[in-house]
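K.L.:
Can you keep this structure in mind? I'll have questions shortly.
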Amino acid sequence: MHVITRPALSIGIEEEYLLVDRETRNLVSNPDVALWESAHEALGAKAMPEFLRAQLEVATGVHSSVADAGKELVEMRASLNNALEKHGAALMAASTHPFALWWEQQPTDKDRYNVMAEDLGMIARRMVICGMHVHAGIEDADLRIDLMNQVRYMLPHLLSLSTSSPFWGSRLTGLKSYRISTFRAMPRTGLPDEFVSWSEYQRHVDVLVRARIIEDSSKIWWDIRPSSRFPTLEMRITDVCTKVEDACAVAATYVCLLHMLYRLRLNNQRWRQYAPMLISENIWRAQRYGVEGTLMDYGKGNLVSYSDLAEEMIEMLQPDAEELGCWPELQRVRTIVEDGTSADRQIETYRTALASGASNEEALKTVVDQLIADTAAVPAT
């Protein structure tokens with residue numbers, strides 16, 4: 001009989017950033033070698049190129065607390081900004097740029113990305129988007145799959161908290177997370193299927209590998225997936241948060257949800273499963289409205305305001321947050337609901353600038369300035 005071991009629920013956070021020219025506020029579509037050398041001098045291997053040259057990814061180490069992961073994010077953002085400033089560039093933690101044009105961006109010359117460009121064509125070139133991925137350490141492979149099946153229901157709740165991509169090509173899209181719509185054009189994205197075990201999941205992956213459709217499971221880009229490199233469950237649905245404290249709130253909520261589901265399991269309970277079509281409906285509502293909207297509560301059978309759902313979630317997860325030492329970070333969810341996400345702040349900044357007489361171009365540059373400042377801001381202690 002297989003005995004499930006208690007998960008460590010250690011934390012690692014990956015963030016993708018956009019490189020912005022401080023003068024034009026446009027993307028640095030073709031950064032020179034010296035800029036990358038400065039980035040690597042600042043962070044070493046923790047600063048990694050992304051598919052497009054105007055993007056950069058960082059990854060924290062493995063941490064036992066959300067607070068420690070957050071501190072490392074603050075340090076990495078500061079180090080990178082200092083390095084980039086010498087080249088007239090800055091970091092921007094937002095999932096889309098307010099006015100940059102995707103066809104002007106240059107792909108990174110790297111074997112993996114060259115293969116992607118060949119396989120995916122224009123779809124890959126349009127990926128001028130950034131996300132945040134949170135890894136939670138779950139050593140037992142079968143438990144990893146079981147918790148993935150259950151936590152799918154809460155993915156819309158996490159997306160709502162993180163939205164940072166209301167603009168595309170100089171236009172307000174009407175969505176708080178336009179990134180999701182862009183990313184869904186890629187194959188093997190969206191919600192994962194439900195699997196009964198790790199071995200069943202691996203059998204499905206092996207079908208694609210044997211057919212040479214993918215080299216390994218890293219080419220499966222679901223909203224949540226077992227990591228191909230680490231014994232973790234990787235949550236990928238969220239936009240990148242402009243403020244570090246918002247990123248920590250999202251990470252805390254995610255790890256607390258996993259802890260809560262494991263706690264239920266110890267009492268022979270589990271979260272009720274719902275069809276992907278129903279969860280996908282809530283994902284659409286999350287990307288469209290963010291924290292200002294409503295999500296379907298399928299237990300109650302009706303739409304509920306996100307603010308009410310957030311309060312229920314905080315109350316439900318308080319025991320888990322206290323045990324994991326991330327109660328302050330979880331309570332930050334209330335602030336996000338009250339003050340809005342990055343997407344809400346961007347829209348407000350844009351409309352305020354227009355109302356003050358700015359042109360559309362000037363208003364968009366004002367949004368970029370706000371995003372650069374929020375990305376670099378150090379959370380109050």
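Each chain in the structure tokens gets a letter, A, B, ..., in the order shown, and its residues are numbered from 1; ligands are numbered from 1 in order too.
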Skip A:Val115 itself and residues of its chain fewer than 2 positions away, then list as a ChimeraX atom specification all residues within 12 Å of it, counting only C-alpha atoms.

P.N.:
/A:51,107-113,117-121,124,213-215,219

K.L.:
Against stretch 242-246 of chain A, which residues of stretch 298-378 of chain A fall within 12 Å? For each one I want the closest pair of atoms and the distance in Å (one decimal), counting only C-alpha atoms, rows by chain and increasing residue number, as CSV.

P.N.:
```
residue,atom,partner,partner_atom,distance
A:Cys326,CA,A:Glu245,CA,12.0
A:Pro328,CA,A:Glu245,CA,10.2
A:Glu329,CA,A:Glu245,CA,7.5
A:Leu330,CA,A:Asp246,CA,9.7
A:Gln331,CA,A:Asp246,CA,10.6
A:Arg332,CA,A:Asp246,CA,7.2
A:Val333,CA,A:Asp246,CA,7.7
A:Arg334,CA,A:Asp246,CA,10.5
A:Thr335,CA,A:Asp246,CA,8.9
A:Ile336,CA,A:Asp246,CA,7.1
A:Val337,CA,A:Asp246,CA,10.7
A:Asp339,CA,A:Asp246,CA,11.2
A:Gly340,CA,A:Asp246,CA,10.4
A:Thr341,CA,A:Asp246,CA,8.2
A:Ser342,CA,A:Thr242,CA,6.1
A:Ala343,CA,A:Thr242,CA,9.2
A:Asp344,CA,A:Thr242,CA,11.5
A:Arg345,CA,A:Thr242,CA,10.2
A:Gln346,CA,A:Thr242,CA,10.4
A:Val368,CA,A:Thr242,CA,11.3
A:Gln370,CA,A:Thr242,CA,9.8
A:Leu371,CA,A:Thr242,CA,6.8
A:Ile372,CA,A:Thr242,CA,8.5
A:Ala373,CA,A:Thr242,CA,9.3
A:Asp374,CA,A:Lys243,CA,5.7
A:Thr375,CA,A:Thr242,CA,5.2
A:Ala376,CA,A:Lys243,CA,8.1
A:Ala377,CA,A:Lys243,CA,7.2
A:Val378,CA,A:Val244,CA,7.8
```

K.L.:
List the spatial neighbours of A:Lys46 as a PyMOL selection string - criterion: any atom at most 10 Å away, only C-alpha atoms, same-chain residues fewer than 4 positions off excluded.

P.N.:
chain A and resi 14+39-40+42+57-61+76

K.L.:
Convert the current residue selection to file output with N, CA and C atoms, as a compact mmCIF listing (two decimals), in the first residue's frame.

P.N.:
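Generated output (result30.txt):
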```
# COMPACT_ATOMS: atom_id res chain seq x y z
N GLU A 14 8.92 32.15 -9.85
CA GLU A 14 9.52 32.62 -11.10
C GLU A 14 8.72 33.82 -11.59
N ALA A 39 23.20 42.27 -16.51
CA ALA A 39 22.16 41.50 -15.82
C ALA A 39 22.75 40.24 -15.20
N HIS A 40 23.62 39.58 -15.93
CA HIS A 40 24.23 38.36 -15.41
C HIS A 40 25.24 38.65 -14.31
N ALA A 42 24.79 40.93 -12.19
CA ALA A 42 23.96 41.23 -11.02
C ALA A 42 23.37 39.99 -10.39
N GLU A 57 13.64 36.56 -17.34
CA GLU A 57 13.02 35.75 -16.29
C GLU A 57 13.97 35.60 -15.12
N VAL A 58 13.41 35.62 -13.92
CA VAL A 58 14.20 35.32 -12.72
C VAL A 58 13.51 34.21 -11.94
N ALA A 59 14.27 33.53 -11.13
CA ALA A 59 13.72 32.47 -10.29
C ALA A 59 14.38 32.54 -8.92
N THR A 60 13.56 32.53 -7.90
CA THR A 60 14.11 32.50 -6.55
C THR A 60 14.68 31.12 -6.25
N GLY A 61 15.39 31.02 -5.17
CA GLY A 61 15.77 29.72 -4.66
C GLY A 61 14.58 29.05 -3.99
N MET A 76 16.31 40.81 -6.02
CA MET A 76 16.62 40.57 -7.43
C MET A 76 16.13 41.73 -8.30
```

K.L.:
Restricting the calculation to only C-alpha atoms: of A:Arg179, A:Arg263, A:Arg144, A:Lys300, which residue gets closest to A:Ser227?

P.N.:
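Ranking A:Arg179, A:Arg263, A:Arg144, A:Lys300 by distance to A:Ser227, first place goes to A:Arg144.
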
K.L.:
If we count only C-alpha atoms and set the cut-off at 12 Å, which residues sit around A:Leu266, ignoring sequence neighbours fewer than 6 positions away in its own chain? Please answer as a ChimeraX atom specification.

P.N.:
/A:3-6,259-260

K.L.:
So, counting only C-alpha atoms, which residue among A:Leu364, A:Leu257, A:Ala78, A:Ala34 is closest to A:Val151?

P.N.:
A:Leu257

K.L.:
From a backbone DSSP assignment, name each residue in stretch 181-347 of chain A labelled alpha helix (DSSP H), as an MDAnalysis selection string.

P.N.:
chainID A and resid 181:183 198:210 244:266 276:289 306:324 327:339 342:347

K.L.:
Using DSSP on the backbone coordinates, identify all residues within stretch 280-319 of chain A classified as strand (DSSP E); present the result as number ranges by chain.

P.N.:
A: 294-297, 302-305

K.L.:
Selected residues, C-alpha atoms, written as a short mmCIF file (atom, residue, chain, number, x, y, z; two decimals), in the first residue's frame, please.

P.N.:
```
data_model
loop_
_atom_site.label_atom_id
_atom_site.label_comp_id
_atom_site.auth_asym_id
_atom_site.auth_seq_id
_atom_site.Cartn_x
_atom_site.Cartn_y
_atom_site.Cartn_z
CA THR A 294 -18.11 37.96 -9.73
CA LEU A 295 -17.32 34.28 -9.95
CA MET A 296 -19.71 31.39 -10.04
CA ASP A 297 -19.94 29.54 -6.73
CA ASN A 302 -25.05 31.45 -8.22
CA LEU A 303 -22.67 34.32 -8.93
CA VAL A 304 -20.88 35.78 -5.89
CA SER A 305 -18.85 38.99 -5.73
#
```
